[in-house]
Amino acid sequence: MTETAEKRVVKEIKVDLDKCIGCRACEVACSAFHARPRFSATNPARSRIRVIIDELSDLYVPIRAGDNTSAECTGRHIYAINGKEYSECSFCGVSCPSRDYFYEPDSGLPLKCDMCEEDPTLKEPWCVQVCRCDCLTYTEREDEKPVEEEKRGEMEIGLESLAKKFGMDKILDTVARMSSRG
Amino acid sequence: MRYAETGFNLEIDLSRGSIERVATDPRLTALHLGGQGTAAKILWDRVGPEVDPFSPDNLLIFSSGLMHSTPLPGANRTTVDTFSPQTDRYSHSVFGGFFGPELKHAGYDKIVVRGKAPDFVYLWIHNDKVELRDAAHLQGKGAQETAALLKAELKQPEAQVAAVGLAAENRVFMATIEHANSSASRGVGVIMGDKRLKAIVVRGTNDINIASPAELFEKSSRMYQEIYDNPDCGALLAHEDDEEFHVNNFAWGNARDRIKGYWNHEREERWKEISDNARVRWTSCYNCPKDCHQAITYPGRMPYFQKCYSKLTYAMAAYEELDFNYDILGLTQEYGLDGFSTPQVLAFAVELYDAGILTDEDVPGFPSDGAGRFFYLVEKIVRREGIGDVLANGVYEAARAIGKGAEQYDHNTMKKFEQVPLKLGMVNYPYFLMYATGEKMNITQIEGSYPQIPVADMAEREEFVKHWHAAPERFKKWFLEWEPRSHPSVEAAVNICDWNETMHYVDDAIGTCAFLSSFTGQWAGRAPYHIHNLPEFISLATGLDLDTDGLWEVARRNRNLIRAINVRRGLRRSEEKPPEDHWKKREPEMEQHLLDEYYAFKGWTNDGIPTKETLDALGLGYVSEDLIRRGILTGAESASTSAEPALAGAEGTVAK
């Protein structure tokens, strides 16, 4: 195959934990941007980014809302970085039952960061734009688009599994017999 | 529809264990805005002058500001209002952080606490669910430690906690209320402890309605950038390693000595290294780009936050160096002791010992070094053990309890409260008025809009005035005319005092940080928030029709109401005098003249009492009625007479 792989843009928010001052302006801005109508309310509880703060351990970790999962993980890592201990949860953006981040406070539905890709898409996500201490910075990089597999129909998938079980010859015989009966 | 505020207060009766959610009157918002203003109204209505501060009938009010939970940056200071056992007067403090906004998202503008719990409890507010819970397991715990334990116990890492330490539990008058990176001082912690309320935990997830949300958000976003870009706001001194200003100008020990030439390059290098080693991070408060608070880790101490000038207060009071200050703060922050008044109480005790008034019998095993003595006394005070029981009541009362001439060492209190340790040369007219008449106990809560020092060079003066958007026009003229080593005119002095305090009354009603407005214009004239731009922000948030004159009038109403609260408890002209030795050269006649003029300007009697006319014009008719009923006013008084034609009855037009 000689086709050139298609490119796609991967959006990344880089988090420099040493720079966070814990002002939570990212939470305020995110909740305002995603309010309907836009900017109609600021409410950190609706934000899709949260600063996890533990003053006594000097932890200030902004995390973004990722996918939702209905189950919580069983074992967790504790990471020691520069002498500070971080629970794996401190970096995990998944909405899960073990904590109440990233759920709409009214409906309980999970929230998810969309990198402010609403119409029109912002040049940089809001949270990055308001982060004056440069804890959050935005980068884009190009990546190869994964080649999409040809989509197969339901019947093909079904027949393939039959073929695996009974062999192709048997299927063809059966089809011939069935069609000759009319 | 209520905008910018929830329209509900929480009423907590600790004696009965009852909790009520009470709707508030929107007309009061228009009259007082919120925060300290509406709290003053509650204190006036419900706590009579006969109520002892330690009585269950005293109220302790936590107020969010009107602008909390709006997108306005730097709106995060919570006010705490009550009556102080130290002064027997109105007591007011503010703390930054995240508490007020969280409270509003929970659905309440204020928490009004009355009664006294039989045993220590904490209050847990989670939106509509509000509970009083047993706090026996938290008794004796440090303030920050309590916050961490409660967040873990309730599985609410995002909750905000205001807690007291051992000092408040033992009713130490210098006790604070600690929250995140901030504290409230000046007599409110002792009441929280007296009410046996160990902590308040709040978590809120509701929306706040805003009258013109999109426009407010857009203007707030621009302001956020402006504040970030403005080098002349925020706690400027916090970030400086050059401490020359403080160590040379503030007095050491018990507000005694100024040590000229203490500061040098070698010391600056060493102190910088101490700070850099102790600091793990700069942090900010809710929705503010200024990182004014140092997160400190000092060997052997709990991590804590250092803010403002507390970086030096203990060191200077004990004649020690900076490392001692970081060390003792690690202890006093957990005990919940105010970093301004406590060092003075400690230094006062050390002086008494050196003078032989306190003996080894009073302080058995008293160490010989400054640091050791301070640690010794702190432990005694927070437990009210031995001499600590006396010192825990502050310098004024302790001096009278100890006697034997100790009163003479009480030279830096005013209205029974410890003042900033400043001893200066020549009486300063506006400062004389601010000290004498201020209702907020500490000069830092009164000064701040008008520069402290004149500029010698005329071109520089003109340049200053050109960018001075915060100032009403008349102040520009006075500043241009102000020559070094000269006094502003009496008219100017009266107006400067008035403007300075007005901005604090504005901040404390709407919840904006003084480092972005009322305290910050004095350095470079570049306060981001001021009397001219705040009305628009408030209008966009609340839907109120408010302009500069209107905002000034609200501040004046709040100011007069609080004045009346103190007048009803006995405040008169005779108490309105700064410490005798605050300035070396005094001008007694001029000072009395200044007071006359200030009272006249304010529409107060010659004794400092707002007249019926003044109160009625501000819609405070119920206040004048009460004062007349009590015989404090006859109703026929006219304001103090002014010898300055420009000043008589001038206040109605001051905002121009």
# chains A, B, ... in the order shown; residues from 1 in each chain; ligands from 1
call {"tool": "interface_residues", "arguments": {"of": "chain B", "to": "chain A", "cutoff": "9 Å", "atoms": "only C-alpha atoms", "output": "PyMOL selection string"}}
result
chain B and resi 69-71+73+97+105+144-145+148+155-158+180-181+204-210+212-218+221+224-225+228+280-291+295+302-304
call {"tool": "write_last_selection", "arguments": {"atoms": "N, CA and C atoms", "output": "short mmCIF file (atom, residue, chain, number, x, y, z; two decimals), in the first residue's frame"}}
result
data_model
loop_
_atom_site.label_atom_id
_atom_site.label_comp_id
_atom_site.auth_asym_id
_atom_site.auth_seq_id
_atom_site.Cartn_x
_atom_site.Cartn_y
_atom_site.Cartn_z
N SER B 69 -19.14 35.05 44.36
CA SER B 69 -19.77 34.12 43.42
C SER B 69 -20.22 34.78 42.13
N THR B 70 -19.87 36.02 41.95
CA THR B 70 -20.01 36.62 40.62
C THR B 70 -18.64 36.46 39.98
N PRO B 71 -18.51 36.71 38.67
CA PRO B 71 -17.18 36.54 38.07
C PRO B 71 -16.18 37.62 38.45
N PRO B 73 -13.22 39.38 39.69
CA PRO B 73 -12.02 38.84 40.33
C PRO B 73 -11.73 39.48 41.68
N GLY B 97 -9.57 33.98 50.96
CA GLY B 97 -9.69 32.55 50.68
C GLY B 97 -10.90 32.23 49.82
N HIS B 105 -22.77 29.66 47.06
CA HIS B 105 -23.16 28.54 46.20
C HIS B 105 -23.97 27.50 46.99
N GLN B 144 -5.78 24.37 61.20
CA GLN B 144 -5.63 23.74 59.89
C GLN B 144 -5.83 22.24 59.97
N GLU B 145 -5.34 21.68 61.07
CA GLU B 145 -5.49 20.24 61.26
C GLU B 145 -6.97 19.88 61.32
N ALA B 148 -8.43 19.83 57.86
CA ALA B 148 -8.06 18.64 57.10
C ALA B 148 -8.82 17.42 57.60
N LYS B 155 -15.60 13.25 53.71
CA LYS B 155 -15.27 12.88 52.32
C LYS B 155 -15.61 14.02 51.37
N GLN B 156 -15.23 15.24 51.75
CA GLN B 156 -15.54 16.42 50.95
C GLN B 156 -14.27 17.24 50.74
N PRO B 157 -13.38 16.77 49.87
CA PRO B 157 -12.13 17.51 49.68
C PRO B 157 -12.34 18.92 49.15
N GLU B 158 -13.49 19.17 48.53
CA GLU B 158 -13.74 20.49 47.97
C GLU B 158 -14.46 21.43 48.94
N ALA B 180 -8.26 28.18 55.23
CA ALA B 180 -7.35 28.00 54.10
C ALA B 180 -6.10 28.84 54.29
N ASN B 181 -5.85 29.82 53.41
CA ASN B 181 -4.63 30.61 53.52
C ASN B 181 -4.85 31.92 54.28
N GLY B 204 -21.01 24.05 48.51
CA GLY B 204 -22.17 24.54 47.77
C GLY B 204 -22.03 24.33 46.28
N THR B 205 -23.11 23.93 45.65
CA THR B 205 -23.04 23.65 44.21
C THR B 205 -24.15 24.35 43.42
N ASN B 206 -24.83 25.32 44.05
CA ASN B 206 -25.93 26.00 43.35
C ASN B 206 -25.43 27.20 42.57
N ASP B 207 -26.26 27.61 41.60
CA ASP B 207 -25.94 28.80 40.82
C ASP B 207 -26.38 30.06 41.56
N ILE B 208 -25.77 31.18 41.17
CA ILE B 208 -26.18 32.49 41.67
C ILE B 208 -26.70 33.27 40.46
N ASN B 209 -27.81 33.91 40.62
CA ASN B 209 -28.35 34.69 39.50
C ASN B 209 -27.64 36.03 39.39
N ILE B 210 -27.33 36.39 38.16
CA ILE B 210 -26.67 37.67 37.89
C ILE B 210 -27.57 38.47 36.95
N SER B 212 -26.94 41.02 34.71
CA SER B 212 -26.44 41.09 33.32
C SER B 212 -25.19 40.23 33.21
N PRO B 213 -25.39 38.91 33.18
CA PRO B 213 -24.23 38.01 33.36
C PRO B 213 -23.18 38.12 32.27
N ALA B 214 -23.59 38.16 31.01
CA ALA B 214 -22.59 38.13 29.94
C ALA B 214 -21.73 39.38 29.97
N GLU B 215 -22.36 40.52 30.19
CA GLU B 215 -21.62 41.77 30.23
C GLU B 215 -20.68 41.81 31.44
N LEU B 216 -21.18 41.33 32.57
CA LEU B 216 -20.33 41.31 33.77
C LEU B 216 -19.15 40.38 33.56
N PHE B 217 -19.40 39.24 32.92
CA PHE B 217 -18.31 38.30 32.71
C PHE B 217 -17.24 38.91 31.80
N GLU B 218 -17.70 39.55 30.77
CA GLU B 218 -16.75 40.14 29.81
C GLU B 218 -15.91 41.22 30.51
N SER B 221 -13.48 39.62 32.98
CA SER B 221 -12.33 38.99 32.34
C SER B 221 -11.26 40.02 32.04
N TYR B 224 -9.60 40.95 35.21
CA TYR B 224 -8.67 39.91 35.67
C TYR B 224 -7.28 40.14 35.08
N GLN B 225 -7.27 40.44 33.80
CA GLN B 225 -6.00 40.71 33.12
C GLN B 225 -5.37 41.99 33.68
N TYR B 228 -3.81 41.39 36.98
CA TYR B 228 -2.57 40.62 36.82
C TYR B 228 -1.44 41.53 36.35
N VAL B 280 7.16 27.03 50.12
CA VAL B 280 7.01 26.01 49.10
C VAL B 280 6.17 26.50 47.92
N ARG B 281 5.42 27.57 48.13
CA ARG B 281 4.56 28.05 47.05
C ARG B 281 3.97 29.40 47.41
N TRP B 282 3.68 30.19 46.40
CA TRP B 282 2.84 31.37 46.58
C TRP B 282 1.43 30.96 46.23
N THR B 283 0.45 31.37 47.03
CA THR B 283 -0.92 31.01 46.69
C THR B 283 -1.82 32.24 46.69
N SER B 284 -2.98 32.08 46.06
CA SER B 284 -3.91 33.20 45.95
C SER B 284 -5.24 32.82 46.57
N CYS B 285 -6.18 33.75 46.53
CA CYS B 285 -7.53 33.48 46.99
C CYS B 285 -8.43 33.25 45.77
N TYR B 286 -9.69 33.01 46.04
CA TYR B 286 -10.65 32.64 44.99
C TYR B 286 -10.68 33.67 43.85
N ASN B 287 -10.43 33.18 42.67
CA ASN B 287 -10.59 33.97 41.44
C ASN B 287 -9.80 35.27 41.46
N CYS B 288 -8.57 35.20 41.92
CA CYS B 288 -7.71 36.37 41.93
C CYS B 288 -6.32 35.99 41.43
N PRO B 289 -5.76 36.75 40.51
CA PRO B 289 -4.46 36.38 39.96
C PRO B 289 -3.27 36.80 40.81
N LYS B 290 -3.52 37.48 41.94
CA LYS B 290 -2.40 37.91 42.78
C LYS B 290 -2.09 36.83 43.82
N ASP B 291 -0.85 36.40 43.88
CA ASP B 291 -0.47 35.32 44.81
C ASP B 291 0.20 35.92 46.04
N ALA B 295 2.92 29.75 51.21
CA ALA B 295 2.77 28.46 51.89
C ALA B 295 4.12 28.10 52.46
N MET B 302 3.73 22.23 61.57
CA MET B 302 2.73 21.96 60.54
C MET B 302 2.93 22.97 59.42
N PRO B 303 2.67 22.57 58.17
CA PRO B 303 2.68 23.58 57.11
C PRO B 303 1.64 24.67 57.42
N TYR B 304 1.91 25.88 57.03
CA TYR B 304 0.94 26.96 57.30
C TYR B 304 1.09 28.04 56.24
#
call {"tool": "residues_around", "arguments": {"residues": "segment 109-125 of chain A", "least_positions_apart": "5", "cutoff": "6 Å", "atoms": "only C-alpha atoms", "output": "count of residues only"}}
result
6
call {"tool": "atom_distance", "arguments": {"atom1": "atom CA of Ile632 of chain B", "atom2": "atom CA of Leu595 of chain B"}}
result
19.6 Å
call {"tool": "select_by_dssp", "arguments": {"residues": "segment 163-258 of chain B", "states": "alpha helix (DSSP H)", "output": "ChimeraX atom specification"}}
result
/B:166-169,189-194,213-229,244-249
call {"tool": "residues_around", "arguments": {"residues": "segment 32-37 of chain B", "least_positions_apart": "6", "cutoff": "10 Å", "atoms": "only C-alpha atoms", "output": "number ranges by chain"}}
result
B: 5, 26, 61-68, 77-81, 92-94, 100, 109-110, 505-511, 538, 542, 544, 551, 553-559, 561-562
